[in-house]
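One file, my_file-v3.pdb, carrying PDB, C-alpha atoms (C1' of nucleotides):
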```pdb
MODEL        1
ATOM      1  CA  MET A  12     -29.194  -0.750 -28.157
ATOM      2  CA  LYS A  13     -29.109  -2.759 -25.033
ATOM      3  CA  PRO A  14     -27.409  -1.318 -22.042
ATOM      4  CA  LEU A  15     -23.975  -2.728 -21.369
ATOM      5  CA  THR A  16     -22.651  -4.390 -18.273
ATOM      6  CA  ILE A  17     -19.549  -2.995 -16.733
ATOM      7  CA  GLY A  18     -17.425  -5.764 -18.182
ATOM      8  CA  LYS A  19     -18.573  -5.023 -21.724
ATOM      9  CA  VAL A  20     -17.992  -1.349 -21.268
ATOM     10  CA  ALA A  21     -14.538  -2.033 -19.877
ATOM     11  CA  SER A  22     -13.454  -4.246 -22.735
ATOM     12  CA  ARG A  23     -14.871  -1.931 -25.371
ATOM     13  CA  ALA A  24     -13.273   1.126 -23.859
ATOM     14  CA  GLY A  25     -10.013  -0.629 -23.206
ATOM     15  CA  VAL A  26      -9.907  -0.063 -19.471
ATOM     16  CA  GLY A  27     -10.274  -2.282 -16.436
ATOM     17  CA  ILE A  28     -13.512  -2.842 -14.561
ATOM     18  CA  GLU A  29     -12.009  -1.547 -11.375
ATOM     19  CA  THR A  30     -10.907   1.528 -13.214
ATOM     20  CA  ILE A  31     -14.470   2.282 -14.217
ATOM     21  CA  ARG A  32     -15.685   2.000 -10.661
ATOM     22  CA  PHE A  33     -12.758   4.134  -9.603
ATOM     23  CA  TYR A  34     -13.717   6.803 -12.120
ATOM     24  CA  GLU A  35     -17.260   6.664 -10.857
ATOM     25  CA  ARG A  36     -16.105   7.251  -7.313
ATOM     26  CA  GLU A  37     -13.950  10.116  -8.534
ATOM     27  CA  GLY A  38     -16.837  11.710 -10.357
ATOM     28  CA  LEU A  39     -15.358  11.294 -13.822
ATOM     29  CA  ILE A  40     -18.297   9.292 -15.034
ATOM     30  CA  ALA A  41     -21.871   9.401 -13.837
ATOM     31  CA  GLU A  42     -23.348   6.707 -11.686
ATOM     32  CA  PRO A  43     -25.246   4.579 -14.151
ATOM     33  CA  PRO A  44     -28.700   3.137 -13.566
ATOM     34  CA  ARG A  45     -28.797  -0.298 -12.013
ATOM     35  CA  LYS A  46     -30.693  -3.482 -12.438
ATOM     36  CA  GLU A  47     -32.678  -4.796  -9.521
ATOM     37  CA  SER A  48     -29.679  -6.937  -8.741
ATOM     38  CA  GLY A  49     -27.530  -3.857  -8.396
ATOM     39  CA  TYR A  50     -25.612  -4.462 -11.629
ATOM     40  CA  ARG A  51     -24.586  -1.287 -13.382
ATOM     41  CA  LEU A  52     -26.146  -0.798 -16.790
ATOM     42  CA  TYR A  53     -24.334   1.611 -19.036
ATOM     43  CA  PRO A  54     -25.611   3.357 -22.120
ATOM     44  CA  GLU A  55     -23.437   3.114 -25.212
ATOM     45  CA  ASP A  56     -21.928   6.524 -24.792
ATOM     46  CA  ALA A  57     -20.243   5.518 -21.587
ATOM     47  CA  VAL A  58     -17.745   3.762 -23.819
ATOM     48  CA  ALA A  59     -16.995   6.987 -25.676
ATOM     49  CA  ARG A  60     -16.541   8.823 -22.436
ATOM     50  CA  LEU A  61     -14.097   6.278 -21.137
ATOM     51  CA  ARG A  62     -12.208   6.403 -24.403
ATOM     52  CA  PHE A  63     -12.112  10.136 -24.096
ATOM     53  CA  ILE A  64     -10.577   9.789 -20.670
ATOM     54  CA  ARG A  65      -8.081   7.266 -21.892
ATOM     55  CA  HIS A  66      -6.988   9.358 -24.846
ATOM     56  CA  ALA A  67      -6.827  12.541 -22.851
ATOM     57  CA  LYS A  68      -4.639  10.778 -20.339
ATOM     58  CA  GLU A  69      -2.358   9.604 -23.124
ATOM     59  CA  LEU A  70      -2.116  13.216 -24.177
ATOM     60  CA  GLY A  71      -0.825  14.172 -20.796
ATOM     61  CA  PHE A  72      -3.949  15.397 -19.047
ATOM     62  CA  SER A  73      -4.397  14.421 -15.431
ATOM     63  CA  LEU A  74      -7.706  13.058 -14.259
ATOM     64  CA  LYS A  75      -8.291  16.324 -12.532
ATOM     65  CA  GLU A  76      -7.787  18.224 -15.753
ATOM     66  CA  ILE A  77     -10.040  15.828 -17.588
ATOM     67  CA  LYS A  78     -12.684  16.411 -14.990
ATOM     68  CA  GLU A  79     -12.334  20.104 -15.632
ATOM     69  CA  LEU A  80     -12.771  19.522 -19.332
ATOM     70  CA  PHE A  81     -15.998  17.696 -18.617
ATOM     71  CA  ALA A  82     -17.115  20.464 -16.345
ATOM     72  CA  LEU A  83     -16.543  22.899 -19.179
ATOM     73  CA  ARG A  84     -18.653  20.838 -21.470
ATOM     74  CA  VAL A  85     -21.477  20.656 -19.008
ATOM     75  CA  ASP A  86     -21.453  24.371 -18.447
ATOM     76  CA  PRO A  87     -23.560  25.996 -21.160
ATOM     77  CA  GLU A  88     -21.489  29.176 -20.925
ATOM     78  CA  THR A  89     -18.374  27.398 -22.106
ATOM     79  CA  THR A  90     -17.236  28.043 -25.619
ATOM     80  CA  CYS A  91     -15.107  26.140 -28.008
ATOM     81  CA  LYS A  92     -12.568  28.883 -27.471
ATOM     82  CA  GLU A  93     -12.052  27.875 -23.876
ATOM     83  CA  ILE A  94     -11.416  24.297 -24.775
ATOM     84  CA  ARG A  95      -8.939  25.428 -27.367
ATOM     85  CA  GLU A  96      -7.175  27.583 -24.844
ATOM     86  CA  ARG A  97      -6.806  24.634 -22.510
ATOM     87  CA  ALA A  98      -5.348  22.567 -25.279
ATOM     88  CA  GLN A  99      -2.930  25.341 -26.131
ATOM     89  CA  ALA A 100      -1.847  25.674 -22.524
ATOM     90  CA  LYS A 101      -1.206  21.953 -22.522
ATOM     91  CA  ILE A 102       0.905  22.316 -25.628
ATOM     92  CA  GLY A 103       2.922  24.935 -23.787
ATOM     93  CA  ASP A 104       3.490  22.532 -20.910
ATOM     94  CA  ILE A 105       4.613  19.843 -23.270
ATOM     95  CA  GLU A 106       6.973  22.202 -25.043
ATOM     96  CA  ASP A 107       8.527  23.105 -21.716
ATOM     97  CA  ARG A 108       9.101  19.478 -20.951
ATOM     98  CA  ILE A 109      10.605  18.853 -24.349
ATOM     99  CA  ARG A 110      12.952  21.776 -23.931
ATOM    100  CA  ALA A 111      14.039  20.579 -20.500
ATOM    101  CA  LEU A 112      14.783  17.152 -21.895
ATOM    102  CA  GLN A 113      16.709  18.659 -24.763
ATOM    103  CA  ARG A 114      18.843  20.577 -22.308
ATOM    104  CA  VAL A 115      19.608  17.368 -20.478
ATOM    105  CA  LYS A 116      20.392  15.672 -23.718
ATOM    106  CA  ARG A 117      22.719  18.427 -24.814
ATOM    107  CA  ALA A 118      24.435  18.348 -21.438
ATOM    108  CA  LEU A 119      24.876  14.597 -21.602
ATOM    109  CA  ASN A 120      26.100  14.808 -25.162
ATOM    110  CA  GLY A 121      28.643  17.384 -24.182
ATOM    111  CA  LEU A 122      29.796  15.204 -21.338
ATOM    112  CA  VAL A 123      30.043  12.148 -23.493
ATOM    113  CA  ALA A 124      32.074  14.098 -25.989
ATOM    114  CA  SER A 125      34.419  15.306 -23.259
ATOM    115  CA  CYS A 126      34.915  11.786 -21.990
ATOM    116  CA  LYS A 127      37.529   9.782 -23.785
ATOM    117  CA  GLY A 128      36.158   6.587 -22.360
ATOM    118  CA  ARG A 129      39.373   5.789 -20.581
ATOM    119  CA  GLY A 130      40.606   6.122 -17.060
ATOM    120  CA  PRO A 131      38.914   5.828 -13.660
ATOM    121  CA  VAL A 132      35.498   7.155 -12.894
ATOM    122  CA  SER A 133      36.943   9.727 -10.560
ATOM    123  CA  GLU A 134      38.204  11.563 -13.579
ATOM    124  CA  CYS A 135      35.034  11.236 -15.538
ATOM    125  CA  PRO A 136      33.631  14.663 -16.194
ATOM    126  CA  ILE A 137      30.087  13.480 -16.573
ATOM    127  CA  LEU A 138      28.964  13.234 -12.986
ATOM    128  CA  ASP A 139      30.645  16.328 -11.651
ATOM    129  CA  ALA A 140      28.793  18.583 -13.995
ATOM    130  CA  LEU A 141      25.384  18.033 -12.489
ATOM    131  CA  GLY A 142      26.475  18.887  -8.992
ATOM    132  CA  GLN A 143      26.941  22.531  -9.815
ATOM    133  CA  ASP A 144      24.255  25.028  -9.119
ATOM    134  CA  GLY A 145      22.378  25.075 -12.330
ATOM    135  CA  ALA A 146      24.993  26.396 -14.684
ATOM    136  CA  LYS A 147      26.439  23.236 -16.091
ATOM    137  CA  CYS A 148      23.160  21.469 -16.509
ATOM    138  CA  CYS A 149      21.379  24.047 -18.622
TER
ATOM    139  CA  MET B 188      35.254  23.457   6.739
ATOM    140  CA  LYS B 189      33.084  22.411   9.612
ATOM    141  CA  PRO B 190      30.604  19.651   9.051
ATOM    142  CA  LEU B 191      27.058  20.806   8.627
ATOM    143  CA  THR B 192      23.970  19.831  10.543
ATOM    144  CA  ILE B 193      21.057  18.498   8.618
ATOM    145  CA  GLY B 194      19.232  21.790   8.882
ATOM    146  CA  LYS B 195      22.117  23.721   7.337
ATOM    147  CA  VAL B 196      22.466  21.216   4.561
ATOM    148  CA  ALA B 197      18.756  21.386   3.912
ATOM    149  CA  SER B 198      18.627  25.147   3.662
ATOM    150  CA  ARG B 199      21.757  25.338   1.511
ATOM    151  CA  ALA B 200      20.583  22.671  -0.858
ATOM    152  CA  GLY B 201      17.065  24.012  -0.967
ATOM    153  CA  VAL B 202      15.313  20.909   0.254
ATOM    154  CA  GLY B 203      13.490  19.935   3.432
ATOM    155  CA  ILE B 204      15.071  18.156   6.367
ATOM    156  CA  GLU B 205      12.649  15.294   6.089
ATOM    157  CA  THR B 206      13.522  15.008   2.446
ATOM    158  CA  ILE B 207      17.161  14.474   3.302
ATOM    159  CA  ARG B 208      16.334  11.723   5.748
ATOM    160  CA  PHE B 209      14.031  10.251   3.156
ATOM    161  CA  TYR B 210      16.809  10.229   0.579
ATOM    162  CA  GLU B 211      19.086   8.582   3.091
ATOM    163  CA  ARG B 212      16.546   5.825   3.677
ATOM    164  CA  GLU B 213      16.173   5.426  -0.055
ATOM    165  CA  GLY B 214      19.905   5.135  -0.546
ATOM    166  CA  LEU B 215      20.252   8.311  -2.572
ATOM    167  CA  ILE B 216      22.703   9.817  -0.154
ATOM    168  CA  ALA B 217      25.095   8.048   2.154
ATOM    169  CA  GLU B 218      24.507   7.804   5.859
ATOM    170  CA  PRO B 219      26.676  10.554   7.222
ATOM    171  CA  PRO B 220      28.846  10.262  10.322
ATOM    172  CA  ARG B 221      27.173  11.187  13.575
ATOM    173  CA  LYS B 222      28.038  13.058  16.674
ATOM    174  CA  GLU B 223      27.847  11.213  19.937
ATOM    175  CA  SER B 224      24.412  12.621  20.314
ATOM    176  CA  GLY B 225      23.368  10.968  17.098
ATOM    177  CA  TYR B 226      23.175  14.181  15.123
ATOM    178  CA  ARG B 227      24.075  13.774  11.482
ATOM    179  CA  LEU B 228      27.157  15.693  10.414
ATOM    180  CA  TYR B 229      27.464  16.276   6.724
ATOM    181  CA  PRO B 230      30.525  17.196   4.727
ATOM    182  CA  GLU B 231      30.162  20.134   2.376
ATOM    183  CA  ASP B 232      29.726  18.009  -0.693
ATOM    184  CA  ALA B 233      26.468  16.640   0.611
ATOM    185  CA  VAL B 234      25.006  19.958  -0.452
ATOM    186  CA  ALA B 235      26.255  19.474  -3.993
ATOM    187  CA  ARG B 236      24.811  16.018  -4.070
ATOM    188  CA  LEU B 237      21.426  17.214  -2.941
ATOM    189  CA  ARG B 238      21.548  19.951  -5.530
ATOM    190  CA  PHE B 239      22.395  17.361  -8.112
ATOM    191  CA  ILE B 240      19.313  15.426  -7.098
ATOM    192  CA  ARG B 241      17.173  18.509  -7.160
ATOM    193  CA  HIS B 242      18.341  19.582 -10.585
ATOM    194  CA  ALA B 243      18.074  16.129 -12.023
ATOM    195  CA  LYS B 244      14.552  15.878 -10.674
ATOM    196  CA  GLU B 245      13.626  19.211 -12.187
ATOM    197  CA  LEU B 246      14.894  17.859 -15.466
ATOM    198  CA  GLY B 247      12.520  14.950 -15.259
ATOM    199  CA  PHE B 248      14.622  12.167 -13.807
ATOM    200  CA  SER B 249      12.962   9.965 -11.226
ATOM    201  CA  LEU B 250      14.731   9.225  -7.981
ATOM    202  CA  LYS B 251      15.318   5.732  -9.240
ATOM    203  CA  GLU B 252      17.112   7.010 -12.302
ATOM    204  CA  ILE B 253      19.159   9.382 -10.220
ATOM    205  CA  LYS B 254      20.143   6.508  -8.005
ATOM    206  CA  GLU B 255      21.338   4.628 -11.052
ATOM    207  CA  LEU B 256      23.539   7.512 -12.014
ATOM    208  CA  PHE B 257      25.043   7.546  -8.567
ATOM    209  CA  ALA B 258      25.504   3.808  -8.573
ATOM    210  CA  LEU B 259      27.852   4.242 -11.494
ATOM    211  CA  ARG B 260      30.023   6.584  -9.536
ATOM    212  CA  VAL B 261      30.097   4.536  -6.369
ATOM    213  CA  ASP B 262      31.330   1.349  -7.943
ATOM    214  CA  PRO B 263      35.154   1.414  -7.998
ATOM    215  CA  GLU B 264      35.187  -1.011 -10.904
ATOM    216  CA  THR B 265      33.322   1.432 -13.016
ATOM    217  CA  THR B 266      35.406   2.989 -15.688
ATOM    218  CA  CYS B 267      34.931   6.182 -17.491
ATOM    219  CA  LYS B 268      33.938   4.075 -20.467
ATOM    220  CA  GLU B 269      31.050   2.575 -18.553
ATOM    221  CA  ILE B 270      29.835   5.914 -17.437
ATOM    222  CA  ARG B 271      29.989   7.067 -20.977
ATOM    223  CA  GLU B 272      28.013   4.072 -22.154
ATOM    224  CA  ARG B 273      25.383   4.667 -19.512
ATOM    225  CA  ALA B 274      25.223   8.290 -20.430
ATOM    226  CA  GLN B 275      24.692   7.312 -24.014
ATOM    227  CA  ALA B 276      21.921   4.917 -23.033
ATOM    228  CA  LYS B 277      20.390   7.719 -21.034
ATOM    229  CA  ILE B 278      20.519   9.930 -24.073
ATOM    230  CA  GLY B 279      18.597   7.262 -25.921
ATOM    231  CA  ASP B 280      15.952   7.201 -23.188
ATOM    232  CA  ILE B 281      15.670  10.929 -23.310
ATOM    233  CA  GLU B 282      15.283  10.888 -27.045
ATOM    234  CA  ASP B 283      12.448   8.394 -26.679
ATOM    235  CA  ARG B 284      10.733  10.629 -24.192
ATOM    236  CA  ILE B 285      11.164  13.639 -26.396
ATOM    237  CA  ARG B 286       9.681  11.783 -29.325
ATOM    238  CA  ALA B 287       6.704  10.657 -27.240
ATOM    239  CA  LEU B 288       6.065  14.205 -26.135
ATOM    240  CA  GLN B 289       6.368  15.436 -29.688
ATOM    241  CA  ARG B 290       3.729  12.973 -30.787
ATOM    242  CA  VAL B 291       1.440  14.284 -28.108
ATOM    243  CA  LYS B 292       2.178  17.806 -29.121
ATOM    244  CA  ARG B 293       1.472  17.127 -32.771
ATOM    245  CA  ALA B 294      -1.813  15.514 -31.827
ATOM    246  CA  LEU B 295      -2.832  18.474 -29.724
ATOM    247  CA  ASN B 296      -1.752  20.883 -32.432
ATOM    248  CA  GLY B 297      -3.896  19.042 -34.902
ATOM    249  CA  LEU B 298      -6.836  19.331 -32.573
ATOM    250  CA  VAL B 299      -6.284  23.005 -31.970
ATOM    251  CA  ALA B 300      -5.950  23.639 -35.698
ATOM    252  CA  SER B 301      -9.245  21.951 -36.352
ATOM    253  CA  CYS B 302     -10.954  24.185 -33.832
ATOM    254  CA  LYS B 303     -11.875  27.669 -34.935
ATOM    255  CA  GLY B 304     -12.414  28.751 -31.389
ATOM    256  CA  ARG B 305     -15.937  29.819 -32.066
ATOM    257  CA  GLY B 306     -19.304  28.395 -31.354
ATOM    258  CA  PRO B 307     -20.646  26.331 -28.528
ATOM    259  CA  VAL B 308     -18.690  23.608 -26.876
ATOM    260  CA  SER B 309     -21.022  21.027 -28.298
ATOM    261  CA  GLU B 310     -19.435  21.653 -31.673
ATOM    262  CA  CYS B 311     -15.857  21.684 -30.502
ATOM    263  CA  PRO B 312     -13.846  19.214 -32.535
ATOM    264  CA  ILE B 313     -11.311  18.756 -29.788
ATOM    265  CA  LEU B 314     -13.667  17.009 -27.485
ATOM    266  CA  ASP B 315     -15.086  14.962 -30.314
ATOM    267  CA  ALA B 316     -11.675  13.803 -31.392
ATOM    268  CA  LEU B 317     -10.846  12.564 -27.951
ATOM    269  CA  GLY B 318     -13.876  10.368 -27.955
ATOM    270  CA  GLN B 319     -12.831   8.515 -31.091
ATOM    271  CA  ASP B 320     -10.909   5.313 -31.062
ATOM    272  CA  GLY B 321      -7.299   6.265 -31.313
ATOM    273  CA  ALA B 322      -7.071   7.458 -34.888
ATOM    274  CA  LYS B 323      -7.471  11.138 -34.306
ATOM    275  CA  CYS B 324      -5.035  11.417 -31.464
ATOM    276  CA  CYS B 325      -1.950   9.755 -32.915
TER
ATOM    277  C1'  DC C 160      21.861  27.486  33.497
ATOM    278  C1'  DT C 161      17.863  28.175  31.211
ATOM    279  C1'  DT C 162      15.219  28.469  27.178
ATOM    280  C1'  DG C 163      14.208  28.136  22.573
ATOM    281  C1'  DA C 164      15.757  26.111  18.449
ATOM    282  C1'  DC C 165      17.384  22.061  16.646
ATOM    283  C1'  DT C 166      17.615  16.933  15.881
ATOM    284  C1'  DC C 167      16.529  12.081  16.793
ATOM    285  C1'  DT C 168      13.525   7.713  15.655
ATOM    286  C1'  DG C 169       9.508   5.792  14.257
ATOM    287  C1'  DT C 170       5.131   5.897  12.474
ATOM    288  C1'  DA C 171       1.599   7.601   9.724
ATOM    289  C1'  DG C 172      -0.516  10.454   6.257
ATOM    290  C1'  DT C 173      -0.877  12.778   1.464
ATOM    291  C1'  DA C 174      -1.895  12.896  -3.587
ATOM    292  C1'  DA C 175      -2.519  10.508  -7.946
ATOM    293  C1'  DT C 176      -3.985   6.536 -10.250
ATOM    294  C1'  DG C 177      -5.164   2.758 -10.094
ATOM    295  C1'  DT C 178      -5.012  -2.768  -8.888
ATOM    296  C1'  DA C 179      -6.204  -6.780  -6.090
ATOM    297  C1'  DC C 180      -8.656  -9.438  -3.361
ATOM    298  C1'  DA C 181     -12.594 -11.534  -0.190
ATOM    299  C1'  DG C 182     -16.898 -13.061   0.304
ATOM    300  C1'  DA C 183     -21.425 -12.917  -1.379
ATOM    301  C1'  DG C 184     -24.982 -12.601  -4.778
ATOM    302  C1'  DT C 185     -26.456 -12.932 -10.080
ATOM    303  C1'  DT C 186     -26.618 -14.280 -14.778
ATOM    304  C1'  DT C 187     -26.140 -17.378 -18.544
ATOM    305  C1'  DA C 188     -24.621 -21.338 -21.465
ATOM    306  C1'  DG C 189     -25.051 -26.068 -21.911
TER
ATOM    307  C1'  DC D 227     -30.591 -27.041 -13.066
ATOM    308  C1'  DT D 228     -25.909 -26.502 -12.455
ATOM    309  C1'  DA D 229     -21.458 -24.580 -12.939
ATOM    310  C1'  DA D 230     -18.775 -21.043 -14.820
ATOM    311  C1'  DA D 231     -18.484 -16.407 -15.477
ATOM    312  C1'  DC D 232     -19.833 -12.148 -14.027
ATOM    313  C1'  DT D 233     -20.811  -8.311 -10.657
ATOM    314  C1'  DC D 234     -21.440  -6.280  -6.071
ATOM    315  C1'  DT D 235     -19.305  -3.704  -1.878
ATOM    316  C1'  DG D 236     -15.653  -2.697   0.862
ATOM    317  C1'  DT D 237     -11.110  -2.751   2.036
ATOM    318  C1'  DA D 238      -6.385  -3.028   1.350
ATOM    319  C1'  DC D 239      -2.246  -2.660  -1.369
ATOM    320  C1'  DA D 240       1.163  -0.473  -4.915
ATOM    321  C1'  DT D 241       3.954   3.389  -6.485
ATOM    322  C1'  DT D 242       6.437   7.979  -6.177
ATOM    323  C1'  DA D 243       8.009  11.431  -3.572
ATOM    324  C1'  DC D 244       7.549  13.425   0.014
ATOM    325  C1'  DT D 245       5.440  15.697   4.614
ATOM    326  C1'  DA D 246       3.815  15.686   9.339
ATOM    327  C1'  DC D 247       3.737  14.592  13.740
ATOM    328  C1'  DA D 248       4.900  12.650  18.719
ATOM    329  C1'  DG D 249       7.761  12.333  22.266
ATOM    330  C1'  DA D 250      12.361  12.577  23.699
ATOM    331  C1'  DG D 251      16.995  14.138  23.693
ATOM    332  C1'  DT D 252      20.700  17.975  22.406
ATOM    333  C1'  DC D 253      22.816  22.360  21.360
ATOM    334  C1'  DA D 254      23.758  27.264  21.661
ATOM    335  C1'  DA D 255      22.738  32.123  22.868
ATOM    336  C1'  DG D 256      22.251  35.136  26.575
TER
ENDMDL
END
```
Represent the structure from my file as structure tokens, please.
Amino acid sequence: MKPLTIGKVASRAGVGIETIRFYEREGLIAEPPRKESGYRLYPEDAVARLRFIRHAKELGFSLKEIKELFALRVDPETTCKEIRERAQAKIGDIEDRIRALQRVKRALNGLVASCKGRGPVSECPILDALGQDGAKCC
Amino acid sequence: MKPLTIGKVASRAGVGIETIRFYEREGLIAEPPRKESGYRLYPEDAVARLRFIRHAKELGFSLKEIKELFALRVDPETTCKEIRERAQAKIGDIEDRIRALQRVKRALNGLVASCKGRGPVSECPILDALGQDGAKCC
DNA sequence: CTTGACTCTGTAGTAATGTACAGAGTTTAG
DNA sequence: CTAAACTCTGTACATTACTACAGAGTCAAG
């Protein structure tokens, strides 16, 4: 397989060229070999790595966390268990966020229910509720 | 009740002084009256408003969204009905966000389930799955 | 009345995550 | 061979949500 130029890698991985160079600067991907001209020449698996980054980001990992995942992989002491634990911690984070949103939703639903949809805004119970110190919102 | 200086408001609302001035610049809180000296003098309810912002932020609203909520209240033409409609739209947004997070969570759960937590990282299915093109993660 | 704490404006910096040129050199299709 | 497309470096800009001064003026306790 021929090495790929940055543009090919970008289109195959579904990211921008600038993004790849950015990731290189940030240490998320290795500096690839270059042609004499200075053009970057990527092996095939650079595409997989960029896809990994993209998917992990979609799953709510920050670049920093992704970098940590890579560091784990590089470290020969790391076990599958550790990766799994990270994923589980992430699930916990996501559950927290879901719960927080559900609280907001419940609060808004309650407010909507208490609002007849008539009268001036000054009498609308919706906005007052969030000004309290915690109680009404959760 | 005496008007409060910015420092008092900040400590009561649990935010920084600079944050308050920042919110003022951003239009999240009104410019308060001033003393001759130029010192800001806040009415009590500024504290409630800042708490509102803080709580809403903790619940995942961006400052922009919070501003939109306030905009509803400020407009004298706004009726309770409009607030209610906005609140309902907001509920829809929140439901979307919850669903997105649940998709992520399901994906991560699937990955965790496929990982026995044993063996070297090179055999971890979680990392493999992230390298694939989309299918495994959604 | 002095001194230390407070506040003012205005500017600049931070972190995260890119995106957008400018200006120059390189590669490739026709 | 030429022109279009591509890539290079380096810098600057965008967004969100603050945070940190600098230098000057103000307030309040003792």
At a cut-off of 12 Å, using only C-alpha atoms (C1' of nucleotides), what residues contact range 227-239 of chain D? Leave out same-chain residues fewer than 3 positions from it and give the result as a VMD selection string. (chain A and resid 16 to 19 28 to 29 32 45 to 52) or (chain C and resid 177 to 189)
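From CA of Arg271 in chain B back to CA of Val123 in chain A, the distance works out to 5.7 Å.
If you measure from each of A:Ala67, A:Val26, A:Ile40, A:Leu61 to chain C using only C-alpha atoms (C1' of nucleotides), the closest one turns out to be A:Val26.
If you lay chain B over chain A with a least-squares fit on the Cα atoms, the RMSD you get is 2.1 Å.
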With a distance cut-off of 12 Å and all atoms listed in the file, select the neighbouring residues of Ile109 in chain A, excluding the residue or stretch itself and same-chain residues fewer than 2 positions from it, and output the selection as a VMD selection string. (chain A and resid 102 to 107 111 to 116) or (chain B and resid 246 to 247 281 to 292)
Take the PyMOL selection byres ((chain C and resi 169) around 12), run it mentally on this structure, and tell me the resulting residues as a list of chain:residue names. C:DC167, C:DT168, C:DT170, C:DA171, D:DC247, D:DA248, D:DG249, D:DA250
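Applied to the shown file, the PyMOL selection byres ((chain A and resi 57) around 10) selects the residues Pro14, Leu15, Ile17, Val20, Ala21, Arg23, Ala24, Ile31, Ile40, Ala41, Pro43, Leu52, Tyr53, Pro54, Glu55, Asp56, Val58, Ala59, Arg60, Leu61, Arg62 and Phe63 of chain A.
The two atoms in question, C1' of DT166 in chain C and C1' of DG251 in chain D, are spaced 8.3 Å apart.
The residues returned by the PyMOL selection byres ((chain D and resi 241-245) around 7) for this structure are Thr206 of chain B; DA240 and DA246 of chain D.
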Would you work out the distance separating CA of Arg293 in chain B from CA of Leu83 in chain A, expressed in Å to one decimal? 23.3 Å
Generate the coordinates of N, CA and C atoms for range 190-202 of chain B; report them as an mmCIF file, in the frame of the given file.
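out25.cif, freshly written:
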```cif
data_model
loop_
_atom_site.group_PDB
_atom_site.id
_atom_site.type_symbol
_atom_site.label_atom_id
_atom_site.label_comp_id
_atom_site.auth_asym_id
_atom_site.auth_seq_id
_atom_site.Cartn_x
_atom_site.Cartn_y
_atom_site.Cartn_z
ATOM 1 N N PRO B 190 31.749 20.423 9.546
ATOM 2 C CA PRO B 190 30.604 19.651 9.051
ATOM 3 C C PRO B 190 29.296 20.389 9.343
ATOM 4 N N LEU B 191 28.334 20.100 8.546
ATOM 5 C CA LEU B 191 27.058 20.806 8.627
ATOM 6 C C LEU B 191 25.987 19.931 9.265
ATOM 7 N N THR B 192 25.123 20.567 10.034
ATOM 8 C CA THR B 192 23.970 19.831 10.543
ATOM 9 C C THR B 192 22.954 19.668 9.417
ATOM 10 N N ILE B 193 22.027 18.807 9.671
ATOM 11 C CA ILE B 193 21.057 18.498 8.618
ATOM 12 C C ILE B 193 20.258 19.745 8.213
ATOM 13 N N GLY B 194 20.001 20.591 9.188
ATOM 14 C CA GLY B 194 19.232 21.790 8.882
ATOM 15 C C GLY B 194 19.989 22.743 7.952
ATOM 16 N N LYS B 195 21.286 22.875 8.197
ATOM 17 C CA LYS B 195 22.117 23.721 7.337
ATOM 18 C C LYS B 195 22.173 23.157 5.925
ATOM 19 N N VAL B 196 22.395 21.859 5.873
ATOM 20 C CA VAL B 196 22.466 21.216 4.561
ATOM 21 C C VAL B 196 21.157 21.431 3.807
ATOM 22 N N ALA B 197 20.071 21.253 4.542
ATOM 23 C CA ALA B 197 18.756 21.386 3.912
ATOM 24 C C ALA B 197 18.575 22.788 3.338
ATOM 25 N N SER B 198 18.882 23.789 4.141
ATOM 26 C CA SER B 198 18.627 25.147 3.662
ATOM 27 C C SER B 198 19.577 25.505 2.516
ATOM 28 N N ARG B 199 20.826 25.025 2.591
ATOM 29 C CA ARG B 199 21.757 25.338 1.511
ATOM 30 C C ARG B 199 21.400 24.631 0.214
ATOM 31 N N ALA B 200 20.883 23.429 0.363
ATOM 32 C CA ALA B 200 20.583 22.671 -0.858
ATOM 33 C C ALA B 200 19.186 22.996 -1.376
ATOM 34 N N GLY B 201 18.411 23.661 -0.522
ATOM 35 C CA GLY B 201 17.065 24.012 -0.967
ATOM 36 C C GLY B 201 16.083 22.861 -0.917
ATOM 37 N N VAL B 202 16.267 22.000 0.061
ATOM 38 C CA VAL B 202 15.313 20.909 0.254
ATOM 39 C C VAL B 202 14.911 20.863 1.721
#
```
